[in-house]
Amino acid sequence: MDMRPIGVFDSGLGGLTAVRSLREILPEEDLIYFGDTARVPYGGRARETLLKYARQDVRFLRTFDLKAILIACGTVSTTSLEALQAENALPIVGVVEPTCRRALLVTKRKKVGVIATLASIRSGAYEAALRRLDPAVEVYGKPCPLFVPLVENGRVDRGDVVIETVAREYLEPLLETGIDTLILGCTHYPLLEEIIAGICGSGVTLVSAGEESAFELKRMLKARELRALENRRGEVSFYVSETPENFEDIASLFLREDLHHAARRINIDEY
């Protein structure tokens with residue numbers, strides 16, 4: 001039994017979808033969430049810049065006595081995970097490997113699509129992981145650079161002409177390849193799941209990076225005997241790097257619950 005909290009971070013507030021999954025899958029655990037809202041989105045940044053940002057994010061979280069960290073950011077998971085794991089003596093879980101394993105379990109024709117940020121697609125991490133797990137799989141990646149800023153601005157509802165037009169532009173070329181499984185390779189994207197599912201149709205199974213990484217973290221904590229005491233409801237503390245205007249409204253959208261808990265602002269450049 002280990003009552004220390006779990007750290008979670010993302011480039012903005014999209015990682016709150018992973019927090020939602022953790023609250024469902026590991027309800028007894030205390031969580032500390034950091035959203036780098038001052039520098040969102042990460043997706044178009046250079047690899048060296050991403051590693052710099054990720055190191056700062058981890059250094060801030062490690063000011064708390066954590067037992068593990070979940071990188072709730074597809075971009076950081078695809079570009080910086082190995083370096084962060086090598087530099088830190090505590091378990092760090094990313095979103096790529098568990099998501100790819102799940103996608104290979106559900107695909108019937110071994111044709112898997114991946115939508116993610118530009119940096120994630122450029123890294124080739126999802127494709128490499130899928131091919132390592134199953135060399136016969138066909139992988140089709142598509143960067144979706146407009147999704148994160150649109151989600152961060154609440155443009156997530158069906159009937160919104162802007163988000164639906166952008167989503168069709170991104171998804172229709174992927175559907176022409178014959179994919180039967182689509183990885184949502186950024187933790188912002190589950191907020192668009194209804195729109196994406198409507199465009200893809202019932203013949204395409206969606207796999208969420210945040211949800212699968214939460215299951216992976218649960219397995220890891222159990223294997224290392226780091227689970228918290230059960231039959232309790234863990235607490236979540238929220239931190240951001242920019243003035244948290246309207247944080248409660250936006251976070252409630254991501255968490256799908258009414259939030260009455262303001263975020264605290266920190267200066268990430270101090271870390």
# chains A, B, ... in the order shown; residues from 1 in each chain; ligands from 1
$ select_by_dssp --residues "range 6-243 of chain A" --states "strand (DSSP E)" --output "PyMOL selection string"
chain A and resi 6-10+31-35+68-71+92-93+111-116+138-143+181-184+205-208+236-240
$ closest_residue --among "A:Leu51, A:Thr181, A:Arg109, A:Pro5" --to "Val236 in chain A" --atoms "only C-alpha atoms"
A:Pro5
$ select_by_dssp --residues "range 16-151 of chain A" --states "helix (DSSP H, G or I)" --output "PyMOL selection string"
chain A and resi 16-25+47-61+74-79+81-87+96-106+118-123+125-133+147-151
$ write_last_selection --atoms "C-alpha atoms" --output "PDB file, in the first residue's frame"
ATOM      1  CA  LEU A  16      -7.788  15.860 -18.146  1.00  0.00           C
ATOM      2  CA  THR A  17      -9.381  13.132 -20.283  1.00  0.00           C
ATOM      3  CA  ALA A  18      -6.692  10.833 -18.881  1.00  0.00           C
ATOM      4  CA  VAL A  19      -7.497  12.129 -15.378  1.00  0.00           C
ATOM      5  CA  ARG A  20     -11.131  11.214 -16.021  1.00  0.00           C
ATOM      6  CA  SER A  21     -10.068   7.684 -16.953  1.00  0.00           C
ATOM      7  CA  LEU A  22      -7.833   7.438 -13.884  1.00  0.00           C
ATOM      8  CA  ARG A  23     -10.712   8.553 -11.674  1.00  0.00           C
ATOM      9  CA  GLU A  24     -12.781   5.702 -13.077  1.00  0.00           C
ATOM     10  CA  ILE A  25     -10.073   3.020 -13.128  1.00  0.00           C
ATOM     11  CA  ARG A  47      12.091  17.786 -30.626  1.00  0.00           C
ATOM     12  CA  GLU A  48      14.706  19.588 -28.501  1.00  0.00           C
ATOM     13  CA  THR A  49      12.126  22.108 -27.318  1.00  0.00           C
ATOM     14  CA  LEU A  50       9.687  19.345 -26.429  1.00  0.00           C
ATOM     15  CA  LEU A  51      12.292  17.575 -24.299  1.00  0.00           C
ATOM     16  CA  LYS A  52      13.122  20.856 -22.536  1.00  0.00           C
ATOM     17  CA  TYR A  53       9.453  21.463 -21.760  1.00  0.00           C
ATOM     18  CA  ALA A  54       8.892  17.864 -20.651  1.00  0.00           C
ATOM     19  CA  ARG A  55      11.858  18.010 -18.271  1.00  0.00           C
ATOM     20  CA  GLN A  56      10.494  21.201 -16.705  1.00  0.00           C
ATOM     21  CA  ASP A  57       7.053  19.622 -16.346  1.00  0.00           C
ATOM     22  CA  VAL A  58       8.533  16.594 -14.602  1.00  0.00           C
ATOM     23  CA  ARG A  59      10.750  18.711 -12.344  1.00  0.00           C
ATOM     24  CA  PHE A  60       7.708  20.641 -11.176  1.00  0.00           C
ATOM     25  CA  LEU A  61       5.714  17.479 -10.484  1.00  0.00           C
ATOM     26  CA  GLY A  74       0.876  11.966 -26.979  1.00  0.00           C
ATOM     27  CA  THR A  75       3.498  14.395 -28.254  1.00  0.00           C
ATOM     28  CA  VAL A  76       5.757  14.030 -25.195  1.00  0.00           C
ATOM     29  CA  SER A  77       5.178  10.271 -25.092  1.00  0.00           C
ATOM     30  CA  THR A  78       6.339   9.917 -28.690  1.00  0.00           C
ATOM     31  CA  THR A  79       9.356  12.231 -28.460  1.00  0.00           C
ATOM     32  CA  LEU A  81       9.494   9.229 -22.902  1.00  0.00           C
ATOM     33  CA  GLU A  82      12.743   7.235 -23.019  1.00  0.00           C
ATOM     34  CA  ALA A  83      14.839  10.226 -21.945  1.00  0.00           C
ATOM     35  CA  LEU A  84      12.495  11.008 -19.045  1.00  0.00           C
ATOM     36  CA  GLN A  85      12.492   7.383 -17.902  1.00  0.00           C
ATOM     37  CA  ALA A  86      16.303   7.282 -17.989  1.00  0.00           C
ATOM     38  CA  GLU A  87      16.609  10.493 -15.976  1.00  0.00           C
ATOM     39  CA  VAL A  96       1.926   4.968 -26.982  1.00  0.00           C
ATOM     40  CA  GLU A  97       2.651   1.338 -26.123  1.00  0.00           C
ATOM     41  CA  PRO A  98      -0.602   0.500 -24.276  1.00  0.00           C
ATOM     42  CA  THR A  99      -2.659   2.211 -26.964  1.00  0.00           C
ATOM     43  CA  CYS A 100      -0.954   0.268 -29.735  1.00  0.00           C
ATOM     44  CA  ARG A 101      -1.482  -3.045 -27.948  1.00  0.00           C
ATOM     45  CA  ARG A 102      -5.187  -2.305 -27.644  1.00  0.00           C
ATOM     46  CA  ALA A 103      -5.476  -1.293 -31.297  1.00  0.00           C
ATOM     47  CA  LEU A 104      -3.918  -4.576 -32.414  1.00  0.00           C
ATOM     48  CA  LEU A 105      -6.364  -6.503 -30.253  1.00  0.00           C
ATOM     49  CA  VAL A 106      -9.412  -4.948 -31.897  1.00  0.00           C
ATOM     50  CA  LEU A 118       2.346  16.888 -36.126  1.00  0.00           C
ATOM     51  CA  ALA A 119       5.264  16.108 -33.781  1.00  0.00           C
ATOM     52  CA  SER A 120       3.820  12.709 -32.872  1.00  0.00           C
ATOM     53  CA  ILE A 121       3.271  11.710 -36.493  1.00  0.00           C
ATOM     54  CA  ARG A 122       6.726  12.965 -37.494  1.00  0.00           C
ATOM     55  CA  SER A 123       8.326  10.902 -34.728  1.00  0.00           C
ATOM     56  CA  ALA A 125       6.525   6.332 -32.639  1.00  0.00           C
ATOM     57  CA  TYR A 126       3.030   4.925 -33.057  1.00  0.00           C
ATOM     58  CA  GLU A 127       3.926   3.278 -36.362  1.00  0.00           C
ATOM     59  CA  ALA A 128       7.150   1.850 -34.917  1.00  0.00           C
ATOM     60  CA  ALA A 129       5.361   0.445 -31.851  1.00  0.00           C
ATOM     61  CA  LEU A 130       2.576  -1.102 -33.934  1.00  0.00           C
ATOM     62  CA  ARG A 131       5.029  -2.724 -36.365  1.00  0.00           C
ATOM     63  CA  ARG A 132       7.206  -3.987 -33.523  1.00  0.00           C
ATOM     64  CA  LEU A 133       4.183  -5.673 -31.957  1.00  0.00           C
ATOM     65  CA  PHE A 147      -7.720  19.774 -33.224  1.00  0.00           C
ATOM     66  CA  VAL A 148      -5.893  20.834 -30.042  1.00  0.00           C
ATOM     67  CA  PRO A 149      -6.544  24.600 -30.285  1.00  0.00           C
ATOM     68  CA  LEU A 150     -10.163  23.975 -31.286  1.00  0.00           C
ATOM     69  CA  VAL A 151     -10.708  21.619 -28.340  1.00  0.00           C
TER      70      VAL A 151
END
$ closest_residue --among "A:Gly234, A:Glu194, A:Ala38, A:Gly141" --to "Ala116 in chain A" --atoms "only C-alpha atoms"
A:Gly141
$ atom_distance --atom1 "CA of Glu138 in chain A" --atom2 "CA of Glu211 in chain A"
23.0 Å
$ residues_around --residues "Leu226 in chain A" --least-positions-apart "2" --cutoff "9 Å" --atoms "only C-alpha atoms" --output "NGL selection string"
:A and (1-4 or 67-68 or 220-224 or 228)
$ residues_around --residues "Val166 in chain A" --least-positions-apart "6" --cutoff "12 Å" --atoms "only C-alpha atoms" --output "number ranges by chain"
A: 143-151, 155-156, 160, 172, 192, 195-196, 199
$ write_last_selection --atoms "N, CA and C atoms" --output "PDB file, in the first residue's frame"
ATOM      1  N   PRO A 143      -1.525  13.793 -39.291  1.00  0.00           N
ATOM      2  CA  PRO A 143      -1.459  14.873 -38.296  1.00  0.00           C
ATOM      3  C   PRO A 143      -2.713  15.721 -38.341  1.00  0.00           C
ATOM      4  N   CYS A 144      -3.161  16.163 -37.177  1.00  0.00           N
ATOM      5  CA  CYS A 144      -4.380  16.975 -37.072  1.00  0.00           C
ATOM      6  C   CYS A 144      -4.073  18.218 -36.244  1.00  0.00           C
ATOM      7  N   PRO A 145      -3.292  19.152 -36.791  1.00  0.00           N
ATOM      8  CA  PRO A 145      -2.789  20.270 -35.980  1.00  0.00           C
ATOM      9  C   PRO A 145      -3.852  21.224 -35.455  1.00  0.00           C
ATOM     10  N   LEU A 146      -5.012  21.279 -36.069  1.00  0.00           N
ATOM     11  CA  LEU A 146      -6.041  22.214 -35.608  1.00  0.00           C
ATOM     12  C   LEU A 146      -6.905  21.663 -34.479  1.00  0.00           C
ATOM     13  N   PHE A 147      -6.838  20.364 -34.229  1.00  0.00           N
ATOM     14  CA  PHE A 147      -7.720  19.774 -33.224  1.00  0.00           C
ATOM     15  C   PHE A 147      -7.459  20.324 -31.823  1.00  0.00           C
ATOM     16  N   VAL A 148      -6.189  20.408 -31.419  1.00  0.00           N
ATOM     17  CA  VAL A 148      -5.893  20.834 -30.042  1.00  0.00           C
ATOM     18  C   VAL A 148      -6.388  22.256 -29.771  1.00  0.00           C
ATOM     19  N   PRO A 149      -6.035  23.255 -30.591  1.00  0.00           N
ATOM     20  CA  PRO A 149      -6.544  24.600 -30.285  1.00  0.00           C
ATOM     21  C   PRO A 149      -8.067  24.693 -30.345  1.00  0.00           C
ATOM     22  N   LEU A 150      -8.703  23.939 -31.235  1.00  0.00           N
ATOM     23  CA  LEU A 150     -10.163  23.975 -31.286  1.00  0.00           C
ATOM     24  C   LEU A 150     -10.765  23.368 -30.018  1.00  0.00           C
ATOM     25  N   VAL A 151     -10.212  22.243 -29.570  1.00  0.00           N
ATOM     26  CA  VAL A 151     -10.708  21.619 -28.340  1.00  0.00           C
ATOM     27  C   VAL A 151     -10.482  22.538 -27.145  1.00  0.00           C
ATOM     28  N   ARG A 155     -14.589  23.991 -28.940  1.00  0.00           N
ATOM     29  CA  ARG A 155     -15.281  23.679 -30.195  1.00  0.00           C
ATOM     30  C   ARG A 155     -15.360  22.173 -30.356  1.00  0.00           C
ATOM     31  N   VAL A 156     -16.243  21.533 -29.610  1.00  0.00           N
ATOM     32  CA  VAL A 156     -16.286  20.066 -29.570  1.00  0.00           C
ATOM     33  C   VAL A 156     -17.663  19.485 -29.854  1.00  0.00           C
ATOM     34  N   ASP A 160     -21.269  21.941 -34.873  1.00  0.00           N
ATOM     35  CA  ASP A 160     -20.335  23.057 -35.007  1.00  0.00           C
ATOM     36  C   ASP A 160     -19.677  22.939 -36.382  1.00  0.00           C
ATOM     37  N   GLU A 172     -11.392  11.908 -43.829  1.00  0.00           N
ATOM     38  CA  GLU A 172     -11.848  11.254 -45.052  1.00  0.00           C
ATOM     39  C   GLU A 172     -10.721  10.585 -45.843  1.00  0.00           C
ATOM     40  N   LEU A 192     -13.582  14.918 -28.958  1.00  0.00           N
ATOM     41  CA  LEU A 192     -14.137  14.921 -30.309  1.00  0.00           C
ATOM     42  C   LEU A 192     -14.636  13.544 -30.726  1.00  0.00           C
ATOM     43  N   ILE A 195     -17.915  13.313 -32.700  1.00  0.00           N
ATOM     44  CA  ILE A 195     -17.771  13.830 -34.060  1.00  0.00           C
ATOM     45  C   ILE A 195     -16.971  12.861 -34.921  1.00  0.00           C
ATOM     46  N   ILE A 196     -15.863  12.361 -34.381  1.00  0.00           N
ATOM     47  CA  ILE A 196     -15.009  11.442 -35.132  1.00  0.00           C
ATOM     48  C   ILE A 196     -15.749  10.149 -35.447  1.00  0.00           C
ATOM     49  N   ILE A 199     -18.226  10.550 -38.293  1.00  0.00           N
ATOM     50  CA  ILE A 199     -17.609  10.601 -39.619  1.00  0.00           C
ATOM     51  C   ILE A 199     -17.085   9.224 -40.033  1.00  0.00           C
TER      52      ILE A 199
END
$ residues_around --residues "range 173-178 of chain A" --least-positions-apart "5" --cutoff "8 Å" --atoms "only C-alpha atoms" --output "JSON, numbers by chain"
{"A": [111, 113, 140, 141, 142, 200]}
$ write_last_selection --atoms "C-alpha atoms" --output "PDB file, in the first residue's frame"
ATOM      1  CA  LYS A 111      -5.334  -1.706 -40.995  1.00  0.00           C
ATOM      2  CA  GLY A 113      -5.103   4.657 -38.583  1.00  0.00           C
ATOM      3  CA  TYR A 140      -1.762   5.131 -41.782  1.00  0.00           C
ATOM      4  CA  GLY A 141      -0.911   8.299 -39.864  1.00  0.00           C
ATOM      5  CA  LYS A 142      -2.504  11.725 -40.163  1.00  0.00           C
ATOM      6  CA  CYS A 200     -15.875   7.208 -39.406  1.00  0.00           C
TER       7      CYS A 200
END
$ closest_residue --among "A:Phe254, A:Tyr33, A:Tyr239, A:Phe9" --to "Ile266 in chain A" --atoms "only C-alpha atoms"
A:Tyr239
$ atom_distance --atom1 "CA of Val95 in chain A" --atom2 "CA of Pro244 in chain A"
25.8 Å
$ atom_distance --atom1 "CA of Leu184 in chain A" --atom2 "CA of Leu206 in chain A"
6.9 Å
